[in-house]
$ cat protein-v1.txt   # compact mmCIF, C-alpha atoms
# COMPACT_ATOMS: atom_id res chain seq x y z
CA MET A 1 0.00 0.00 0.00
CA ALA A 2 1.26 3.43 -0.90
CA GLY A 3 1.38 5.71 2.12
CA VAL A 4 -0.53 8.97 2.35
CA ASP A 5 1.47 11.97 3.56
CA SER A 6 -1.17 14.69 3.45
CA VAL A 7 -4.87 15.09 2.70
CA ALA A 8 -3.89 16.67 -0.64
CA ASP A 9 -1.76 13.62 -1.38
CA ALA A 10 -4.73 11.35 -0.61
CA LEU A 11 -6.82 13.25 -3.15
CA ASP A 12 -4.05 12.92 -5.74
CA GLN A 13 -4.05 9.19 -5.18
CA ILE A 14 -7.76 8.77 -5.98
CA ARG A 15 -7.36 7.90 -9.62
CA GLY A 16 -9.26 5.37 -11.65
CA PRO A 17 -9.26 4.47 -15.33
CA PRO A 18 -11.15 6.95 -17.58
CA THR A 19 -14.88 7.00 -16.88
CA THR A 20 -17.52 7.30 -19.59
CA VAL A 21 -21.06 8.41 -18.80
CA THR A 22 -23.69 8.04 -21.54
CA THR A 23 -27.26 9.28 -21.24
CA TYR A 24 -30.07 7.77 -23.31
CA GLY A 25 -33.40 9.35 -24.15
CA PRO A 26 -35.16 11.60 -26.64
CA GLU A 27 -32.81 14.53 -25.97
CA ARG A 28 -30.11 15.68 -23.57
CA ASP A 29 -31.29 16.54 -20.09
CA GLU A 30 -29.40 19.83 -19.79
CA SER A 31 -29.39 20.11 -16.00
CA LEU A 32 -28.21 16.52 -15.66
CA HIS A 33 -25.45 17.12 -18.21
CA ALA A 34 -24.43 20.31 -16.43
CA PHE A 35 -24.05 18.30 -13.22
CA LEU A 36 -22.18 15.41 -14.85
CA GLY A 37 -19.93 17.95 -16.61
CA ARG A 38 -18.46 18.78 -13.19
CA PHE A 39 -16.72 15.40 -13.19
CA ASP A 40 -13.65 14.33 -15.09
CA VAL A 41 -15.59 11.92 -17.30
CA ALA A 42 -16.20 11.46 -21.03
CA LEU A 43 -19.83 12.54 -21.27
CA GLY A 44 -22.13 11.70 -24.16
CA HIS A 45 -25.78 11.50 -25.11
CA GLU A 46 -27.30 8.91 -27.45
CA SER A 47 -30.82 9.54 -28.61
CA LEU A 48 -33.43 6.79 -28.44
CA PRO A 49 -37.05 7.05 -29.61
CA ILE A 50 -38.43 6.75 -26.08
CA PRO A 51 -40.12 9.24 -23.74
CA ALA A 52 -37.84 11.25 -21.42
CA SER A 53 -39.37 9.44 -18.43
CA ALA A 54 -38.06 6.10 -19.79
CA GLY A 55 -34.52 7.40 -20.27
CA TYR A 56 -31.45 6.22 -18.37
CA LEU A 57 -27.69 6.59 -18.16
CA THR A 58 -24.85 4.10 -18.10
CA VAL A 59 -21.39 4.40 -16.56
CA ARG A 60 -18.35 2.59 -17.94
CA ARG A 61 -14.85 2.73 -16.55
CA GLY A 62 -11.77 1.56 -18.38
CA GLY A 63 -13.93 -0.43 -20.80
CA GLU A 64 -15.78 -2.09 -17.94
CA TYR A 65 -19.51 -1.58 -17.52
CA ARG A 66 -20.23 -0.26 -14.01
CA GLY A 67 -23.99 0.19 -13.96
CA SER A 68 -26.98 2.35 -14.83
CA VAL A 69 -29.39 4.85 -13.32
CA PRO A 70 -33.02 5.44 -14.45
CA ALA A 71 -34.41 8.84 -15.49
CA SER A 72 -36.71 8.76 -12.47
CA ALA A 73 -33.58 9.34 -10.33
CA PHE A 74 -32.16 12.24 -12.38
CA ALA A 75 -33.86 14.94 -10.29
CA ASP A 76 -32.26 13.46 -7.14
CA VAL A 77 -28.89 13.51 -8.83
CA VAL A 78 -29.07 17.20 -9.65
CA ASP A 79 -30.66 18.16 -6.32
CA PRO A 80 -29.90 15.44 -3.76
CA PRO A 81 -32.22 14.88 -0.78
CA ARG A 82 -31.13 16.50 2.48
CA THR A 83 -31.86 13.92 5.11
CA ALA A 84 -30.18 12.31 8.08
CA PRO A 85 -27.77 9.41 7.43
CA TRP A 86 -30.11 6.82 8.97
CA ASP A 87 -33.00 7.94 6.81
CA SER A 88 -33.72 5.26 4.21
CA ALA A 89 -34.10 8.06 1.64
CA VAL A 90 -30.30 8.33 1.59
CA ARG A 91 -29.90 4.82 0.26
CA ALA A 92 -32.96 4.99 -1.98
CA SER A 93 -31.87 8.17 -3.72
CA GLY A 94 -30.60 8.33 -7.27
CA TYR A 95 -27.72 10.41 -6.01
CA SER A 96 -26.60 7.44 -3.97
CA ASP A 97 -26.72 5.09 -6.98
CA LEU A 98 -24.85 7.46 -9.25
CA GLY A 99 -22.43 8.29 -6.45
CA THR A 100 -21.37 4.67 -6.25
CA LEU A 101 -20.83 4.55 -10.01
CA LEU A 102 -18.80 7.79 -10.08
CA ALA A 103 -16.37 6.75 -7.33
CA GLU A 104 -12.72 7.42 -8.22
CA ALA A 105 -13.70 10.05 -10.83
CA GLN A 106 -12.36 13.47 -9.87
CA PHE A 107 -14.88 16.33 -9.71
CA THR A 108 -13.86 19.89 -10.44
CA SER A 109 -16.65 21.86 -8.78
CA LEU A 110 -19.32 20.44 -6.53
CA THR A 111 -21.36 22.51 -4.09
CA ARG A 112 -21.79 21.99 -0.36
CA SER A 113 -25.18 20.37 -0.85
CA HIS A 114 -23.65 17.69 -3.09
CA LEU A 115 -20.78 17.09 -0.70
CA LEU A 116 -23.25 16.90 2.15
CA ALA A 117 -25.20 14.21 0.29
CA THR A 118 -22.01 12.25 -0.38
CA SER A 119 -20.97 12.63 3.27
CA ARG A 120 -24.37 11.28 4.28
CA GLU A 121 -23.67 8.18 2.22
CA ILE A 122 -20.51 7.52 4.19
CA GLU A 123 -22.14 8.34 7.53
CA ASP A 124 -25.01 6.03 6.61
CA ARG A 125 -22.58 3.16 5.96
CA ALA A 126 -20.88 3.80 9.28
CA PHE A 127 -24.27 3.92 11.03
CA ARG A 128 -25.32 0.61 9.49
CA VAL A 129 -22.06 -1.16 10.34
CA GLY A 130 -22.29 0.35 13.82
CA GLN A 131 -18.62 -0.14 14.69
CA GLY A 132 -15.29 1.00 13.36
CA THR A 133 -13.96 4.51 13.07
CA LEU A 134 -15.50 7.50 11.28
CA TYR A 135 -13.33 10.52 10.42
CA ALA A 136 -15.01 13.80 9.52
CA GLY A 137 -13.16 16.98 8.51
CA PHE A 138 -15.46 20.02 8.71
CA GLN A 139 -12.87 22.70 7.78
CA SER A 140 -14.03 24.74 10.78
CA LEU A 141 -15.74 23.48 13.90
CA SER A 142 -18.62 25.92 13.39
CA ALA A 143 -19.63 23.71 10.46
CA TYR A 144 -19.61 20.76 12.87
CA ARG A 145 -22.03 22.74 15.07
CA ASP A 146 -24.71 22.39 12.35
CA GLN A 147 -24.17 18.62 12.29
CA LEU A 148 -23.89 18.17 16.04
CA PRO A 149 -27.32 16.47 16.47
CA VAL A 150 -26.40 13.99 13.71
CA TYR A 151 -23.02 13.19 15.25
CA GLU A 152 -24.44 12.98 18.78
CA ARG A 153 -26.86 10.36 17.56
CA LEU A 154 -24.18 8.50 15.56
CA ALA A 155 -22.05 8.31 18.70
CA ALA A 156 -24.93 7.45 21.06
CA GLU A 157 -26.60 4.72 19.00
CA THR A 158 -23.55 2.88 17.70
CA ASP A 159 -20.17 1.66 18.90
CA LEU A 160 -18.48 3.92 16.35
CA ARG A 161 -15.38 5.86 17.31
CA VAL A 162 -15.77 9.30 15.75
CA HIS A 163 -13.00 11.79 15.01
CA VAL A 164 -14.01 15.33 14.10
CA TYR A 165 -11.54 17.83 12.59
CA GLY A 166 -11.72 21.56 12.01
CA ALA A 167 -10.22 24.95 12.75
CA PRO A 168 -11.20 25.98 16.30
CA ASP A 169 -13.71 28.79 15.59
CA TRP A 170 -16.21 27.21 17.96
CA THR A 171 -15.82 25.07 21.09
CA PRO A 172 -18.00 21.99 20.75
CA PRO A 173 -19.48 20.25 23.78
CA ALA A 174 -17.84 16.98 24.79
CA VAL A 175 -19.70 14.02 23.30
CA GLU A 176 -18.83 10.53 24.43
CA GLY A 177 -17.26 8.62 21.56
CA VAL A 178 -16.36 11.79 19.64
CA SER A 179 -12.80 13.18 19.66
CA VAL A 180 -12.26 16.68 18.36
CA HIS A 181 -9.06 17.68 16.58
CA THR A 182 -8.24 21.27 15.66
CA GLY A 183 -4.71 20.72 14.47
CA ALA A 184 -3.65 23.78 16.44
CA THR A 185 -1.64 21.83 18.99
CA THR A 186 -0.16 19.30 16.62
CA GLU A 187 3.56 18.92 16.96
CA ASP A 188 4.70 17.17 13.87
CA SER A 189 7.61 14.83 14.53
CA ASP A 190 9.29 16.12 11.36
CA GLY A 191 9.76 19.56 12.82
CA SER A 192 8.13 22.86 13.64
CA ASP A 193 6.59 23.30 10.17
CA GLY A 194 4.08 20.59 10.95
CA LYS A 195 1.96 22.89 13.07
CA ALA A 196 1.06 25.51 10.51
CA LEU A 197 0.75 23.00 7.68
CA SER A 198 -1.70 20.90 9.63
CA SER A 199 -4.18 23.62 10.50
CA ASP A 200 -4.11 25.01 6.96
CA GLU A 201 -4.89 21.55 5.71
CA LEU A 202 -7.85 21.12 8.06
CA GLY A 203 -9.22 24.49 6.95
CA ALA A 204 -8.88 23.73 3.25
CA PHE A 205 -10.26 20.19 3.01
CA TRP A 206 -13.67 18.65 3.56
CA PHE A 207 -13.21 14.96 4.20
CA VAL A 208 -15.18 12.01 5.53
CA ALA A 209 -13.70 8.54 5.84
CA PHE A 210 -14.99 5.30 7.29
CA ASP A 211 -12.62 2.40 7.86
CA GLY A 212 -15.33 -0.28 7.63
CA GLU A 213 -14.03 -1.86 10.85
CA GLY A 214 -11.92 -4.31 8.88
CA ASP A 215 -14.56 -4.94 6.20
CA ASP A 216 -12.94 -3.74 2.97
CA GLU A 217 -16.32 -3.72 1.24
CA MET A 218 -17.54 -0.99 3.60
CA ALA A 219 -14.45 1.25 3.60
CA CYS A 220 -14.93 4.57 1.83
CA ALA A 221 -13.71 8.14 1.83
CA LEU A 222 -14.54 11.54 0.38
CA VAL A 223 -11.80 14.15 0.04
CA ALA A 224 -12.53 17.64 -1.31
CA GLU A 225 -10.61 20.88 -1.41
CA GLN A 226 -12.45 24.19 -1.30
CA VAL A 227 -11.63 26.21 -4.42
CA SER A 228 -14.29 28.95 -4.23
CA ASP A 229 -17.09 30.16 -1.96
CA ASP A 230 -19.31 27.22 -2.73
CA GLY A 231 -17.06 25.13 -4.97
CA TYR A 232 -14.98 22.07 -4.19
CA ARG A 233 -12.71 19.84 -6.22
CA GLY A 234 -12.17 16.30 -5.07
CA ALA A 235 -13.22 12.67 -5.37
CA TRP A 236 -14.53 9.78 -3.34
CA THR A 237 -13.21 6.26 -3.24
CA TYR A 238 -14.08 2.73 -2.16
CA ASP A 239 -10.45 1.63 -2.41
CA ALA A 240 -9.91 0.07 1.04
CA ALA A 241 -6.10 0.34 0.85
CA LEU A 242 -6.30 4.05 0.11
CA VAL A 243 -8.89 4.57 2.87
CA ARG A 244 -6.47 2.84 5.28
CA GLY A 245 -3.74 5.22 4.09
CA ILE A 246 -5.94 8.25 4.76
CA THR A 247 -7.04 7.11 8.23
CA ALA A 248 -3.48 6.14 9.18
CA TYR A 249 -2.31 9.60 8.13
CA LEU A 250 -5.05 11.33 10.18
CA ASP A 251 -4.34 9.12 13.22
CA ALA A 252 -0.63 9.87 13.05
CA THR A 253 -0.99 13.61 12.43
CA TYR A 254 -3.75 14.92 14.68
CA GLU A 255 -3.97 14.65 18.44
CA PRO A 256 -7.40 14.95 20.05
CA GLU A 257 -8.23 18.24 21.80
CA ASN A 258 -10.77 17.03 24.30
CA ALA A 259 -9.49 14.30 26.61
CA ASP A 260 -13.12 13.83 27.61
CA GLY A 261 -14.57 12.71 24.33
CA SER A 262 -11.59 10.61 23.28
CA ASP A 263 -12.15 8.04 26.03
CA ALA A 264 -14.11 5.68 23.84
CA GLY A 265 -11.44 5.69 21.17
CA GLU A 266 -8.50 5.44 23.46
CA GLY A 267 -8.23 1.66 23.48
CA SER A 268 -7.64 1.41 19.77
CA ARG A 269 -4.99 4.09 19.76
CA ALA A 270 -3.22 3.28 22.96
CA PRO A 271 0.35 3.18 21.55
CA GLY A 272 0.19 6.51 19.72
CA GLU A 273 -1.76 8.08 22.54
CA SER A 274 0.86 7.58 25.20
CA ALA A 275 3.66 8.73 22.92
CA GLY A 276 1.68 11.81 21.93
CA ALA A 277 0.73 12.71 25.48
CA GLY A 278 4.41 13.13 26.41
CA GLU A 279 4.96 15.58 23.58
CA ARG A 280 1.95 17.63 24.41
CA GLU A 281 3.34 19.52 27.35
CA GLY A 282 2.40 23.15 27.37
CA THR A 283 -0.79 22.64 25.35
CA ASP A 284 -3.04 22.13 28.33
CA GLU A 285 -4.84 25.40 27.84
CA HIS A 286 -6.79 23.69 25.07
CA ASN A 287 -8.13 21.07 27.41
CA VAL A 288 -10.88 23.19 28.88
CA MET B 289 -47.37 -6.37 -49.78
CA PRO B 290 -44.65 -8.27 -47.94
CA THR B 291 -44.46 -12.01 -48.45
CA GLU B 292 -45.22 -14.36 -45.62
CA ASP B 293 -41.51 -15.17 -45.40
CA THR B 294 -40.47 -11.54 -44.96
CA LEU B 295 -43.10 -11.07 -42.28
CA SER B 296 -41.98 -14.17 -40.43
CA THR B 297 -38.35 -13.05 -40.64
CA LEU B 298 -39.25 -9.63 -39.26
CA PHE B 299 -41.31 -10.99 -36.40
CA ARG B 300 -38.60 -13.52 -35.54
CA ALA B 301 -36.09 -10.67 -35.46
CA LEU B 302 -38.36 -8.68 -33.19
CA SER B 303 -39.14 -11.60 -30.92
CA HIS B 304 -36.21 -10.85 -28.58
CA PRO B 305 -36.20 -7.57 -26.62
CA HIS B 306 -32.44 -7.08 -27.10
CA ARG B 307 -32.75 -7.36 -30.89
CA ARG B 308 -35.55 -4.80 -30.79
CA VAL B 309 -33.37 -2.37 -28.83
CA VAL B 310 -30.62 -2.83 -31.44
CA LEU B 311 -33.07 -1.79 -34.17
CA TYR B 312 -34.41 1.15 -32.14
CA TYR B 313 -30.85 2.36 -31.52
CA LEU B 314 -29.76 1.95 -35.14
CA GLY B 315 -32.86 3.82 -36.31
CA GLU B 316 -31.35 6.87 -34.58
CA HIS B 317 -27.63 6.34 -35.12
CA GLU B 318 -27.17 4.15 -38.24
CA THR B 319 -23.69 3.04 -37.18
CA THR B 320 -22.20 2.07 -33.83
CA SER B 321 -19.93 -0.42 -32.05
CA LEU B 322 -20.68 -3.69 -30.32
CA ASP B 323 -19.55 -2.21 -26.97
CA ALA B 324 -21.79 0.86 -27.29
CA LEU B 325 -24.75 -1.35 -28.22
CA ALA B 326 -24.08 -3.70 -25.31
CA ALA B 327 -24.03 -0.73 -22.87
CA CYS B 328 -27.24 0.66 -24.34
CA VAL B 329 -29.02 -2.71 -24.17
CA THR B 330 -27.78 -3.50 -20.64
CA GLY B 331 -28.86 -0.07 -19.36
CA TRP B 332 -32.22 -0.43 -21.15
CA SER B 333 -32.81 -3.73 -19.33
CA GLU B 334 -31.53 -2.51 -15.94
CA SER B 335 -32.81 1.06 -15.73
CA GLY B 336 -34.56 1.93 -19.00
CA PRO B 337 -37.90 0.91 -20.47
CA GLY B 338 -37.03 -2.79 -20.16
CA ALA B 339 -36.54 -2.59 -16.42
CA ASP B 340 -40.24 -2.91 -15.65
CA ALA B 341 -40.70 -5.92 -17.87
CA GLY B 342 -38.88 -8.41 -15.71
CA ALA B 343 -36.73 -8.43 -12.61
CA THR B 344 -34.11 -10.72 -14.16
CA PRO B 345 -30.68 -9.32 -13.40
CA VAL B 346 -28.76 -8.47 -16.54
CA ASP B 347 -25.06 -8.79 -16.93
CA TYR B 348 -23.18 -6.63 -19.42
CA GLU B 349 -20.75 -9.35 -20.47
CA HIS B 350 -23.59 -11.79 -21.02
CA VAL B 351 -25.49 -9.23 -23.09
CA ARG B 352 -22.37 -8.46 -25.14
CA ILE B 353 -21.62 -12.12 -25.84
CA ARG B 354 -25.21 -12.86 -26.85
CA LEU B 355 -25.27 -9.83 -29.16
CA HIS B 356 -22.03 -10.96 -30.77
CA HIS B 357 -22.85 -14.65 -31.15
CA THR B 358 -26.61 -14.68 -31.59
CA HIS B 359 -28.53 -11.46 -32.06
CA LEU B 360 -26.32 -9.50 -34.46
CA PRO B 361 -25.59 -12.50 -36.75
CA MET B 362 -29.33 -13.22 -36.91
CA LEU B 363 -30.20 -9.59 -37.73
CA ALA B 364 -27.37 -9.56 -40.28
CA GLU B 365 -28.66 -12.71 -41.93
CA SER B 366 -32.03 -11.03 -42.40
CA GLY B 367 -30.28 -8.00 -43.88
CA PHE B 368 -31.64 -5.64 -41.21
CA VAL B 369 -28.09 -4.81 -40.03
CA THR B 370 -24.53 -5.34 -41.16
CA TYR B 371 -22.12 -6.57 -38.53
CA ASP B 372 -18.34 -6.68 -38.81
CA ALA B 373 -17.42 -9.20 -36.12
CA GLU B 374 -13.72 -8.25 -36.46
CA SER B 375 -14.02 -4.53 -35.79
CA GLY B 376 -17.29 -4.69 -33.87
CA GLU B 377 -18.90 -2.15 -36.20
CA VAL B 378 -22.67 -2.41 -36.54
CA ARG B 379 -24.67 -0.58 -39.22
CA LEU B 380 -28.33 -0.31 -40.05
CA GLY B 381 -29.13 -2.47 -43.09
CA ASP B 382 -32.23 -2.55 -45.25
CA LEU B 383 -35.52 -2.23 -43.45
CA PRO B 384 -38.50 -2.44 -45.82
CA PRO B 385 -40.99 0.44 -45.29
CA PHE B 386 -43.58 -1.80 -43.61
CA ALA B 387 -40.84 -3.01 -41.22
CA GLU B 388 -40.11 0.56 -40.15
CA SER B 389 -43.69 1.12 -39.06
CA VAL B 390 -43.77 -2.23 -37.24
CA VAL B 391 -40.56 -1.23 -35.42
CA SER B 392 -41.93 2.17 -34.44
CA THR B 393 -45.11 0.54 -33.11
CA ALA B 394 -42.98 -1.89 -31.17
CA VAL B 395 -40.81 0.82 -29.60
CA ALA B 396 -43.88 2.78 -28.51
CA THR B 397 -45.09 -0.32 -26.71
CA ASP B 398 -41.67 -1.25 -25.26
CA ALA B 399 -41.17 2.29 -24.00
CA GLY B 400 -44.55 2.26 -22.30
CA ASP B 401 -45.76 5.01 -24.59
CA GLY B 402 -49.22 3.56 -25.08
CA GLU B 403 -51.00 0.36 -25.96
CA LEU B 404 -49.89 -1.83 -28.83
CA ASP B 405 -51.66 -0.39 -31.85
CA VAL B 406 -52.83 -3.58 -33.54
CA ASP B 407 -54.63 -1.71 -36.31
CA ALA B 408 -51.44 0.11 -37.21
CA LEU B 409 -49.55 -3.17 -37.13
CA VAL B 410 -51.99 -4.94 -39.46
CA ALA B 411 -52.23 -1.92 -41.76
CA SER B 412 -48.46 -1.73 -42.02
CA SER B 413 -48.12 -5.37 -43.03
CA GLU B 414 -50.79 -4.90 -45.74
CA ASN B 415 -48.94 -2.00 -47.42

$ encode --input "protein-v1.txt" --output "structure tokens"
Amino acid sequence: MAGVDSVADALDQIRGPPTTVTTYGPERDESLHAFLGRFDVALGHESLPIPASAGYLTVRRGGEYRGSVPASAFADVVDPPRTAPWDSAVRASGYSDLGTLLAEAQFTSLTRSHLLATSREIEDRAFRVGQGTLYAGFQSLSAYRDQLPVYERLAAETDLRVHVYGAPDWTPPAVEGVSVHTGATTEDSDGSDGKALSSDELGAFWFVAFDGEGDDEMACALVAEQVSDDGYRGAWTYDAALVRGITAYLDATYEPENADGSDAGEGSRAPGESAGAGEREGTDEHNV
Amino acid sequence: MPTEDTLSTLFRALSHPHRRVVLYYLGEHETTSLDALAACVTGWSESGPGADAGATPVDYEHVRIRLHHTHLPMLAESGFVTYDAESGEVRLGDLPPFAESVVSTAVATDAGDGELDVDALVASSEN
């Protein structure tokens, strides 16, 4: 497995063979094509003498057929449902189906609402598995504030260990099973540069990763870099080896801020934890 | 008026949903590749108009192999398409005028765009 040495590096490593998306129907669905055009895919339309409601699209990758999505799901694709991860609408949505097919294809500009829908997919998987570790990078903790009820429930109703990352513009309440990382107190073993680099990285990237608790079929990750006010470039992946690389990088790079919430996760990280605690002298002001 | 043989050939050709989709597709595109046809037919059966017809799971490779070995040679033998098995190129062949109206009636039915118009079907075979 190739190692991951930054979140940006993880994104660079999400690369699949060229993806081809073909839509079928009486004519191009312009809003669907505009959405698909945000991905690095070869996009085409082939007309068929059928009503628009009977249309569909197919996805091929590297000559291999990956699957199809019916026209009835196109509206969901363009405007994904905003629901909680445990809501069955997440799995039933056309966005979910297409999302699976477009894994490993880089996107150049997706909005927050699309990233939120993709994040929900990953949170939903974690919720269903009910154990393992979920990593969520919110850029700034104030964004985590909006999702706090969701994460409180994820932590309360499952045995998941949850790690939340973001610049410290808000102080979240301690939630059992949830460790918060701001990157501000990180002392990189490579040297003093690690500190600044780490917080910049947390501010720039939206990421969600689930390790699948050893089940490679369930491992997945989304990594996206903010490039404009409401624009992100990135990709998501189901490559378990790459997901392991991302989670190993996050574990090694970011110490938890709140000793309180990290209790549940402590067992799994015992070796790193004790080593890190020794280096963390002088950072106690962050442990409110 | 078409002979009984021509009619039988046409209805045999149309008796498999995948062969019908090939003719619908070629009516719009005239020339294509085996791979593009296989993707179109698989998607049609999984998520398109064919998806309601039966819940049988379709497999792209299976569809592709059957097109190559069975459906395209049969359509080629009837002259409705030409198929170059080496390059994979598929072209629309000669469809008699009555066949075109039978095909368009068939696609309307396959695509759920209304009832089968039997009158139109009979009228077209009497032309």

$ interface_residues --input "protein-v1.txt" --of "chain B" --to "chain A" --cutoff "8 Å" --atoms "all atoms listed in the file" --output "PyMOL selection string"
chain B and resi 312-313+316-317+327-328+331-332+334-337+348+395-396+399-401

$ atom_distance --input "protein-v1.txt" --atom1 "CA of Tyr95 in chain A" --atom2 "CA of Leu36 in chain A"
11.6 Å

$ atom_distance --input "protein-v1.txt" --atom1 "CA of Gln131 in chain A" --atom2 "CA of Ala103 in chain A"
23.2 Å

$ residues_around --input "protein-v1.txt" --residues "Ala117 in chain A" --least-positions-apart "4" --cutoff "7 Å" --atoms "all atoms listed in the file" --output "list in words"
Pro80, Arg82, Ser113 and Glu121 of chain A

$ residues_near_point --input "protein-v1.txt" --point "(-23.6, -10.7, -28.6)" --cutoff "12 Å" --atoms "only C-alpha atoms" --output "ChimeraX atom specification"
/B:306-307,310,321-327,329-330,347-363,371,373,376,378

$ atom_distance --input "protein-v1.txt" --atom1 "CA of Tyr135 in chain A" --atom2 "CA of Pro149 in chain A"
16.4 Å

$ residues_around --input "protein-v1.txt" --residues "Asp169 in chain A" --least-positions-apart "2" --cutoff "12 Å" --atoms "all atoms listed in the file" --output "ChimeraX atom specification"
/A:138-145,165-167,171-172,182,184,199,203

$ residues_around --input "protein-v1.txt" --residues "Ala204 in chain A" --least-positions-apart "3" --cutoff "7 Å" --atoms "all atoms listed in the file" --output "PyMOL selection string"
chain A and resi 139+200-201+225-226

$ axis_aligned_box --input "protein-v1.txt" --around "range 222-237 of chain A" --padding-each-side "6 Å" --output "JSON"
{"center_x": -15.0, "center_y": 18.2, "center_z": -2.9, "size_x": 20.7, "size_y": 35.9, "size_z": 18.6}

$ residues_around --input "protein-v1.txt" --residues "Thr158 in chain A" --least-positions-apart "6" --cutoff "10 Å" --atoms "only C-alpha atoms" --output "PyMOL selection string"
chain A and resi 126-132+177

$ residues_around --input "protein-v1.txt" --residues "Gly137 in chain A" --least-positions-apart "3" --cutoff "8 Å" --atoms "all atoms listed in the file" --output "JSON, numbers by chain"
{"A": [164, 165, 166, 202, 205, 206, 207, 208]}

$ closest_residue --input "protein-v1.txt" --among "A:Val90, A:Trp170, A:Asp230, A:Gln106" --to "Ala42 in chain A" --atoms "only C-alpha atoms"
A:Gln106
